[in-house]
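Novice: mmCIF, C-alpha atoms, file target13.cif:
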```cif
data_target
#
loop_
_atom_site.label_atom_id
_atom_site.label_comp_id
_atom_site.auth_asym_id
_atom_site.auth_seq_id
_atom_site.Cartn_x
_atom_site.Cartn_y
_atom_site.Cartn_z
CA MET A 287 11.55 -30.04 19.41
CA LEU A 288 10.92 -26.75 17.64
CA SER A 289 9.74 -23.74 19.61
CA CYS A 290 6.73 -21.73 18.42
CA LYS A 291 9.11 -18.92 17.54
CA GLU A 292 11.21 -21.19 15.32
CA VAL A 293 8.02 -22.46 13.68
CA CYS A 294 7.03 -18.87 12.83
CA TYR A 295 10.39 -18.23 11.18
CA ILE A 296 10.19 -21.46 9.21
CA VAL A 297 6.63 -20.77 8.01
CA SER A 298 7.66 -17.27 6.95
CA GLU A 299 10.74 -18.56 5.09
CA MET A 300 8.62 -21.22 3.37
CA GLN A 301 6.38 -18.47 2.08
CA ASP A 302 9.48 -16.89 0.59
CA GLY A 303 10.08 -20.09 -1.32
CA LYS A 304 12.87 -21.50 0.82
CA SER A 305 12.97 -25.29 0.97
CA PHE A 306 13.85 -27.24 4.09
CA PRO A 307 15.34 -30.71 4.53
CA LEU A 308 12.92 -33.55 5.28
CA GLY A 309 13.91 -33.76 8.97
CA ARG A 310 13.01 -30.11 9.47
CA ARG A 311 9.69 -30.52 7.65
CA VAL A 312 8.78 -33.53 9.80
CA MET A 313 9.55 -31.56 12.97
CA LEU A 314 7.40 -28.73 11.64
CA LYS A 315 4.49 -31.10 10.93
CA ILE A 316 4.73 -32.62 14.40
CA HIS A 317 4.74 -29.21 16.04
CA LEU A 318 1.82 -27.97 13.96
CA SER A 319 -0.20 -31.10 14.71
CA MET A 320 0.04 -30.40 18.41
CA CYS A 321 0.03 -26.60 18.65
CA LYS A 322 -3.25 -24.74 18.04
CA GLY A 323 -1.53 -21.33 18.24
CA CYS A 324 0.90 -22.19 15.46
CA GLN A 325 -1.88 -23.75 13.35
CA GLN A 326 -3.71 -20.41 13.50
CA MET A 327 -0.49 -18.52 12.79
CA ALA A 328 0.22 -20.60 9.66
CA ARG A 329 -3.36 -20.05 8.43
CA GLN A 330 -3.06 -16.30 9.08
CA MET A 331 0.30 -16.05 7.30
CA ALA A 332 -1.29 -17.66 4.23
CA LEU A 333 -4.24 -15.25 4.47
CA LEU A 334 -1.84 -12.29 4.60
CA SER A 335 -0.18 -13.38 1.37
CA ALA A 336 -3.50 -14.05 -0.34
CA THR A 337 -4.89 -10.66 0.70
CA ALA A 338 -1.72 -8.86 -0.36
CA ARG A 339 -1.79 -10.57 -3.74
CA GLN A 340 -5.40 -9.55 -4.20
CA LEU A 341 -4.53 -5.96 -3.30
CA GLY A 342 -1.54 -6.04 -5.62
CA GLU A 343 -3.76 -7.01 -8.52
CA SER A 344 -6.10 -4.10 -7.88
CA SER A 345 -2.98 -1.88 -7.75
CA GLU A 346 -1.84 -0.13 -4.62
CA PRO A 347 -2.39 3.59 -4.11
CA ALA A 348 0.94 5.33 -4.77
CA PHE A 349 0.15 8.40 -2.74
CA PRO A 350 -1.36 8.86 0.70
CA ALA A 351 -4.99 9.89 0.90
CA GLY A 352 -5.70 13.58 0.40
CA GLN A 353 -3.14 15.94 -1.03
CA PRO A 354 -0.61 16.55 1.72
CA SER A 355 1.69 19.50 1.12
CA LEU A 356 5.00 20.60 2.56
CA SER A 357 4.43 22.75 5.62
CA ALA A 358 5.44 26.41 5.52
CA ASP A 359 8.12 25.61 8.09
CA ALA A 360 9.57 22.86 5.94
CA ILE A 361 9.59 25.09 2.86
CA THR A 362 11.45 27.81 4.75
CA ARG A 363 13.92 25.34 6.20
CA ILE A 364 14.64 23.54 2.93
CA GLY A 365 14.70 26.85 1.02
CA SER A 366 17.33 28.37 3.29
CA ARG A 367 19.39 25.17 3.26
CA LEU A 368 19.37 25.25 -0.54
CA ALA A 369 20.31 28.94 -0.62
CA GLU A 370 23.16 28.23 1.81
CA GLU A 371 24.44 25.41 -0.37
CA ARG A 372 24.10 27.43 -3.50
CA ASN A 373 26.00 30.39 -2.14
CA SER A 374 28.79 28.36 -0.67
CA PRO A 375 31.74 27.81 -2.98
CA LEU A 376 31.28 24.56 -4.83
CA ASP A 377 33.34 21.76 -3.43
CA ASP A 378 33.73 18.33 -4.81
CA ASN A 379 32.11 16.22 -2.14
CA MET B 273 32.74 35.03 -23.52
CA ARG B 274 32.14 31.60 -22.10
CA PRO B 275 29.53 29.54 -23.90
CA ASP B 276 28.05 28.22 -20.64
CA ASN B 277 27.25 31.33 -18.77
CA PRO B 278 26.69 30.16 -15.16
CA ASP B 279 23.95 32.71 -14.68
CA THR B 280 21.92 31.23 -17.51
CA ILE B 281 22.27 27.73 -16.08
CA SER B 282 21.34 28.75 -12.59
CA HIS B 283 18.41 30.66 -13.94
CA LYS B 284 17.19 27.58 -15.77
CA LEU B 285 17.94 25.16 -12.95
CA ASP B 286 16.96 27.19 -9.96
CA PRO B 287 16.66 25.21 -6.71
CA ALA B 288 14.29 27.74 -5.17
CA ARG B 289 11.94 27.24 -8.09
CA TRP B 290 12.30 23.44 -7.87
CA LEU B 291 11.14 23.67 -4.30
CA GLN B 292 8.22 25.84 -5.29
CA ASP B 293 7.19 23.85 -8.36
CA TYR B 294 8.01 20.28 -7.40
CA GLY B 295 8.31 20.38 -3.59
CA ASP B 296 4.81 18.99 -3.02
CA VAL B 297 5.11 16.35 -5.74
CA LEU B 298 8.36 15.08 -4.22
CA TYR B 299 6.95 15.33 -0.71
CA ARG B 300 3.85 13.28 -1.58
CA TYR B 301 5.93 10.63 -3.26
CA ALA B 302 8.30 10.43 -0.29
CA LEU B 303 5.43 10.44 2.19
CA GLY B 304 3.70 7.64 0.29
CA LYS B 305 6.81 5.52 0.70
CA MET B 306 8.01 6.46 4.17
CA ARG B 307 4.73 7.60 5.82
CA ASP B 308 6.65 9.90 8.10
CA THR B 309 6.46 13.65 7.58
CA ALA B 310 9.92 14.39 9.01
CA GLN B 311 11.58 11.70 6.88
CA ALA B 312 9.65 12.86 3.82
CA GLU B 313 10.74 16.48 4.36
CA ASP B 314 14.37 15.37 4.79
CA LEU B 315 14.13 13.38 1.58
CA VAL B 316 12.86 16.41 -0.33
CA GLN B 317 15.79 18.42 0.99
CA GLU B 318 18.30 15.65 0.22
CA THR B 319 16.88 15.33 -3.27
CA LEU B 320 17.10 19.04 -4.05
CA LEU B 321 20.61 19.28 -2.61
CA ALA B 322 21.72 16.32 -4.72
CA ALA B 323 20.03 17.89 -7.75
CA LEU B 324 21.85 21.15 -7.08
CA GLN B 325 25.19 19.36 -6.94
CA SER B 326 24.58 17.34 -10.06
CA ARG B 327 22.67 19.88 -12.11
CA ASP B 328 25.48 19.99 -14.65
CA ASN B 329 24.60 16.40 -15.46
CA TYR B 330 20.97 17.19 -16.18
CA SER B 331 20.67 16.61 -19.86
CA GLY B 332 17.33 18.27 -20.32
CA ARG B 333 16.05 15.19 -22.09
CA ALA B 334 13.74 14.19 -19.23
CA SER B 335 11.40 16.74 -17.72
CA GLU B 336 12.67 18.42 -14.57
CA GLN B 337 10.04 16.62 -12.54
CA THR B 338 11.04 13.20 -13.90
CA TRP B 339 14.69 14.01 -13.22
CA LEU B 340 13.97 15.10 -9.63
CA VAL B 341 11.67 12.12 -8.91
CA GLY B 342 14.45 9.87 -10.25
CA ILE B 343 16.88 11.34 -7.72
CA LEU B 344 14.28 11.00 -4.97
CA LYS B 345 13.79 7.30 -5.78
CA HIS B 346 17.51 6.71 -5.25
CA LYS B 347 17.40 8.62 -1.97
CA ILE B 348 14.48 6.46 -0.80
CA ILE B 349 16.30 3.23 -1.68
CA ASP B 350 19.38 4.49 0.19
CA LEU B 351 17.28 5.25 3.25
CA ILE B 352 15.45 1.91 3.21
CA ARG B 353 18.73 0.05 2.75
CA LYS B 354 20.15 1.93 5.72
CA GLN B 355 17.11 1.09 7.85
CA VAL B 356 17.29 -2.59 6.88
CA ARG B 357 20.98 -2.78 7.72
CA GLU B 358 20.52 -1.04 11.02
CA SER B 359 17.71 -3.33 12.08
CA THR B 360 19.01 -6.74 11.09
CA VAL B 361 21.95 -8.94 11.85
CA ASP B 362 24.26 -9.76 8.98
CA ASP B 363 26.20 -12.74 10.22
CA ILE B 364 23.42 -15.31 10.42
CA SER B 365 22.75 -17.88 7.77
CA SER B 366 19.06 -18.47 8.39
CA LEU B 367 16.10 -17.24 10.36
CA ALA B 368 15.88 -20.49 12.28
CA ASP B 369 19.39 -19.90 13.65
CA LEU B 370 18.33 -16.45 14.71
CA ALA B 371 15.21 -17.84 16.39
CA ALA B 372 17.26 -20.38 18.33
CA ALA B 373 19.87 -17.80 19.30
CA SER B 374 17.79 -14.77 20.21
CA GLY B 375 16.21 -14.35 23.59
CA VAL B 376 12.83 -13.11 24.71
CA ASP B 377 10.68 -10.69 22.76
CA GLU B 378 7.17 -9.46 23.32
CA LEU B 379 5.53 -12.28 21.33
CA PHE B 380 7.33 -15.25 22.85
CA ASP B 381 8.48 -16.28 26.28
CA ALA B 382 12.03 -17.36 27.10
CA ARG B 383 11.34 -20.87 25.77
CA GLY B 384 10.00 -19.51 22.49
CA HIS B 385 6.34 -20.23 23.25
CA TRP B 386 3.51 -17.84 22.48
CA VAL B 387 2.73 -15.26 25.13
CA ASN B 388 -0.62 -14.62 23.41
CA PRO B 389 -1.37 -17.61 21.18
CA PRO B 390 -2.92 -16.60 17.82
CA GLN B 391 -6.71 -16.81 17.74
CA ASP B 392 -9.14 -18.04 15.15
CA TRP B 393 -9.95 -15.05 12.91
CA GLY B 394 -12.93 -16.74 11.28
CA ILE B 395 -11.59 -16.33 7.74
CA PRO B 396 -13.88 -13.77 6.08
CA GLU B 397 -16.06 -15.34 3.44
CA LYS B 398 -18.91 -12.91 3.01
CA ALA B 399 -18.26 -10.02 0.60
CA LEU B 400 -18.84 -7.33 3.22
CA ASP B 401 -16.52 -9.02 5.66
CA LYS B 402 -13.94 -9.26 2.97
CA GLN B 403 -14.05 -5.54 2.24
CA GLN B 404 -13.77 -4.76 5.94
CA PHE B 405 -10.92 -7.21 6.27
CA ILE B 406 -9.06 -5.56 3.40
CA GLU B 407 -9.56 -2.16 5.02
CA ALA B 408 -8.13 -3.51 8.28
CA PHE B 409 -5.27 -5.05 6.30
CA GLU B 410 -4.46 -1.74 4.61
CA HIS B 411 -4.60 0.04 7.94
CA CYS B 412 -2.15 -2.44 9.43
CA LEU B 413 0.12 -2.28 6.39
CA GLY B 414 0.29 1.46 6.98
CA ARG B 415 1.48 0.91 10.52
CA LEU B 416 4.47 -1.26 9.63
CA LYS B 417 7.90 0.30 9.65
CA PRO B 418 8.51 1.75 6.14
CA ALA B 419 11.38 -0.61 5.31
CA GLN B 420 9.21 -3.61 6.30
CA ALA B 421 6.21 -2.30 4.38
CA ASP B 422 8.36 -1.60 1.34
CA ILE B 423 9.87 -5.08 1.23
CA PHE B 424 6.55 -6.79 2.02
CA GLY B 425 4.94 -4.74 -0.76
CA LYS B 426 7.64 -5.68 -3.24
CA LYS B 427 7.37 -9.35 -2.33
CA GLU B 428 3.65 -9.86 -1.84
CA LEU B 429 1.94 -7.04 -3.72
CA ALA B 430 4.30 -6.58 -6.65
CA GLY B 431 5.27 -10.25 -6.71
CA LEU B 432 9.06 -9.76 -6.87
CA SER B 433 11.31 -12.64 -5.85
CA ILE B 434 13.68 -12.46 -2.88
CA ASP B 435 16.58 -12.33 -5.33
CA GLU B 436 15.10 -9.36 -7.16
CA ILE B 437 14.47 -7.50 -3.90
CA CYS B 438 17.98 -8.21 -2.61
CA LYS B 439 19.46 -6.97 -5.85
CA GLU B 440 17.40 -3.80 -5.91
CA LEU B 441 18.17 -2.86 -2.30
CA ASP B 442 21.63 -4.43 -2.22
CA ILE B 443 20.88 -6.38 0.96
CA THR B 444 21.44 -10.05 1.85
CA ALA B 445 18.76 -12.72 1.45
CA THR B 446 18.73 -13.20 5.22
CA ASN B 447 18.20 -9.48 5.80
CA CYS B 448 15.31 -9.69 3.39
CA SER B 449 13.81 -12.74 5.14
CA VAL B 450 14.10 -11.07 8.53
CA MET B 451 12.27 -7.99 7.26
CA LEU B 452 9.53 -10.13 5.70
CA TYR B 453 9.19 -12.16 8.90
CA ARG B 454 8.85 -8.98 10.94
CA ALA B 455 6.38 -7.52 8.47
CA ARG B 456 4.21 -10.67 8.57
CA MET B 457 4.32 -10.92 12.35
CA GLY B 458 3.56 -7.21 12.68
CA LEU B 459 0.62 -7.47 10.29
CA ARG B 460 -0.63 -10.59 12.02
CA ARG B 461 -0.58 -8.99 15.45
CA CYS B 462 -2.15 -5.75 14.24
CA LEU B 463 -4.91 -7.60 12.38
CA GLU B 464 -5.58 -9.84 15.33
CA ILE B 465 -6.20 -6.82 17.54
CA ARG B 466 -8.17 -4.96 14.90
CA TRP B 467 -10.04 -7.76 13.19
CA VAL B 468 -10.78 -10.03 16.11
CA GLY B 469 -11.65 -6.96 18.19
CA HIS B 470 -14.03 -5.85 15.44
CA ASN B 471 -15.71 -9.25 15.28
CA ARG B 472 -16.11 -9.34 19.00
CA GLU B 473 -17.78 -5.92 19.03
CA GLU B 474 -20.19 -7.02 16.32
CA HIS B 475 -21.22 -10.17 18.15
CA LEU B 476 -21.91 -8.49 21.47
#
```
For this file, write the structure as structure tokens.
Specialist:
Amino acid sequence: MLSCKEVCYIVSEMQDGKSFPLGRRVMLKIHLSMCKGCQQMARQMALLSATARQLGESSEPAFPAGQPSLSADAITRIGSRLAEERNSPLDDN
Amino acid sequence: MRPDNPDTISHKLDPARWLQDYGDVLYRYALGKMRDTAQAEDLVQETLLAALQSRDNYSGRASEQTWLVGILKHKIIDLIRKQVRESTVDDISSLADLAAASGVDELFDARGHWVNPPQDWGIPEKALDKQQFIEAFEHCLGRLKPAQADIFGKKELAGLSIDEICKELDITATNCSVMLYRARMGLRRCLEIRWVGHNREEHL
């Protein structure tokens, strides 16, 4: 008998296109027929994929909202690290 | 006189100016991927340091920005690969084995049964609901760990196959499946709290 946790893994792997032997699929069907929680989970997993696909088609935003900039602290820190590296004799690593 | 005067090169390829001119561009790109300011800042630094070390290889054919963003992309892949490797087990052949072998986590009890069984979300059908659902989905996607969000995005938004993702990140298929499983379960849980909570509020 499969546990709910195993069922979640199997449903997720099926969404990735993995195929399972008949015995495993029968056990999955039996579990799903008896377990309301896992029925919901399987429906939700499918909805996640469908929603993601829909979002993918309308192209995802590449950048976070607004125009975040490096903080003054970060600029100082990175700037001095670069200066340090630049002034140190070049080594090969 | 040497043809490649080092002063001329360092004047042309000046790291301080890179930081000034492209720092924000690189930072935004890194932040968009990692959604963590400290990690994004580190990536900018790593990128500029790598650029400094390899500036002799810069052909000048691509723009400086394109060259720097190219280096940043490699740094991001390295970081995601590292995060995937640190968070997954290599020596398992399938997720089901892992499920049978691993103990308790917050979602399941010791016997692998739901602690909080998933609820009926009432699949959104109306247009307004759908928009709100997508907003909740995007919010939850933004709360996943970056490596999970990246792999989920590649698989489900960009439509890449597991093989393509494994190849790009140089990780195993099982690692990839584990990350996708965690991403889906994380999204599911987050949406359940946000979406079902939202529905409940509305129906009060």
Novice: What are the residues of chain A lining chain B at 6 Å or less? Count only C-alpha atoms, and put the answer as a list in words.
Specialist: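 Close enough to count are Ser289, Cys290, Lys291, Glu292, Tyr295, Ser298, Gly323, Gln326, Met327, Ala338, Arg339, Gly342, Phe349, Pro350, Ser355, Leu356 and Ile364 of chain A.
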Novice: Separation of atom CA of B:Ala419 and atom CA of B:Ile352, in Å?
Specialist: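 Distance reported for this atom pair: 5.2 Å.
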Novice: Smallest atom-to-atom distance to B:Asp435: which of A:Pro354, A:Gly309, A:Gly303, A:Gly365, using all atoms listed in the file?
Specialist: A:Gly303
Novice: What's the separation between atom CA of B:Glu378 and atom CA of B:Gln404, in Å to one decimal place?
Specialist: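 Atom-to-atom, atom CA of B:Glu378 and atom CA of B:Gln404 are spaced 27.6 Å apart.
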Novice: Given the choices B:Gln311, B:Ser326, B:Gln420, B:Asn447, which gets closest to B:Ile343 if the distance is worked out from only C-alpha atoms?
Specialist: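 Closest to B:Ile343 of all the choices is B:Ser326.
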Novice: Find the spatial neighbours of B:Arg353, counting all atoms listed in the file, within a cut-off of 8 Å - ignore same-chain residues fewer than 6 positions away - and output them as a PyMOL selection string.
Specialist: chain B and resi 419+441-443
Novice: Quick one: pull the distance between atom CA of B:Cys412 and atom CA of B:Arg466, Å, one decimal.
Specialist: 8.5 Å
Novice: Which residues fall under the PyMOL selection byres ((chain B and resi 340) around 8) in this file, as a PyMOL selection string?
Specialist: chain B and resi 298+319-320+323+336-339+341-344
Novice: From the list A:Leu288, A:Thr362, A:Gln325, A:Gln330, which residue is nearest A:Arg311 when using only C-alpha atoms?
Specialist: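 The answer is A:Leu288, which sits nearest to A:Arg311.
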Novice: Pick out the closest residue to A:His317 from this set: A:Met331, A:Ile361, A:Met287, A:Ala369. Count all atoms listed in the file.
Specialist: A:Met287
Novice: Output stretch 454-470 of chain B with N, CA, C and O atoms present, as a compact mmCIF listing (two decimals), keeping the file's coordinate frame.
Specialist:
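Written output follows (rebuild18.txt):
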```txt
# COMPACT_ATOMS: atom_id res chain seq x y z
N ARG B 454 9.35 -10.02 10.04
CA ARG B 454 8.85 -8.98 10.94
C ARG B 454 7.59 -8.32 10.39
O ARG B 454 6.67 -8.01 11.14
N ALA B 455 7.56 -8.12 9.09
CA ALA B 455 6.38 -7.52 8.47
C ALA B 455 5.16 -8.43 8.68
O ALA B 455 4.09 -7.98 9.08
N ARG B 456 5.33 -9.73 8.43
CA ARG B 456 4.21 -10.67 8.57
C ARG B 456 3.74 -10.76 10.02
O ARG B 456 2.54 -10.76 10.30
N MET B 457 4.70 -10.82 10.94
CA MET B 457 4.32 -10.92 12.35
C MET B 457 3.66 -9.63 12.83
O MET B 457 2.72 -9.66 13.62
N GLY B 458 4.15 -8.50 12.32
CA GLY B 458 3.56 -7.21 12.68
C GLY B 458 2.14 -7.09 12.15
O GLY B 458 1.22 -6.68 12.87
N LEU B 459 1.95 -7.49 10.90
CA LEU B 459 0.62 -7.47 10.29
C LEU B 459 -0.33 -8.39 11.04
O LEU B 459 -1.48 -8.05 11.31
N ARG B 460 0.18 -9.58 11.35
CA ARG B 460 -0.63 -10.59 12.02
C ARG B 460 -1.14 -10.08 13.36
O ARG B 460 -2.32 -10.17 13.67
N ARG B 461 -0.22 -9.49 14.11
CA ARG B 461 -0.58 -8.99 15.45
C ARG B 461 -1.57 -7.83 15.34
O ARG B 461 -2.54 -7.76 16.07
N CYS B 462 -1.29 -6.92 14.42
CA CYS B 462 -2.15 -5.75 14.24
C CYS B 462 -3.55 -6.17 13.82
O CYS B 462 -4.55 -5.71 14.35
N LEU B 463 -3.61 -7.13 12.87
CA LEU B 463 -4.91 -7.60 12.38
C LEU B 463 -5.66 -8.35 13.46
O LEU B 463 -6.89 -8.27 13.54
N GLU B 464 -4.93 -9.08 14.27
CA GLU B 464 -5.58 -9.84 15.33
C GLU B 464 -6.31 -8.89 16.28
O GLU B 464 -7.46 -9.10 16.63
N ILE B 465 -5.60 -7.80 16.63
CA ILE B 465 -6.20 -6.82 17.54
C ILE B 465 -7.38 -6.13 16.86
O ILE B 465 -8.45 -5.99 17.43
N ARG B 466 -7.16 -5.73 15.60
CA ARG B 466 -8.17 -4.96 14.90
C ARG B 466 -9.34 -5.82 14.42
O ARG B 466 -10.50 -5.47 14.59
N TRP B 467 -9.01 -6.94 13.81
CA TRP B 467 -10.04 -7.76 13.19
C TRP B 467 -10.82 -8.56 14.22
O TRP B 467 -12.05 -8.57 14.23
N VAL B 468 -10.10 -9.23 15.10
CA VAL B 468 -10.78 -10.03 16.11
C VAL B 468 -11.56 -9.11 17.04
O VAL B 468 -12.69 -9.38 17.41
N GLY B 469 -10.96 -7.95 17.36
CA GLY B 469 -11.65 -6.96 18.19
C GLY B 469 -12.95 -6.51 17.53
O GLY B 469 -14.00 -6.45 18.18
N HIS B 470 -12.87 -6.30 16.22
CA HIS B 470 -14.03 -5.85 15.44
C HIS B 470 -15.13 -6.91 15.44
O HIS B 470 -16.30 -6.62 15.62
```
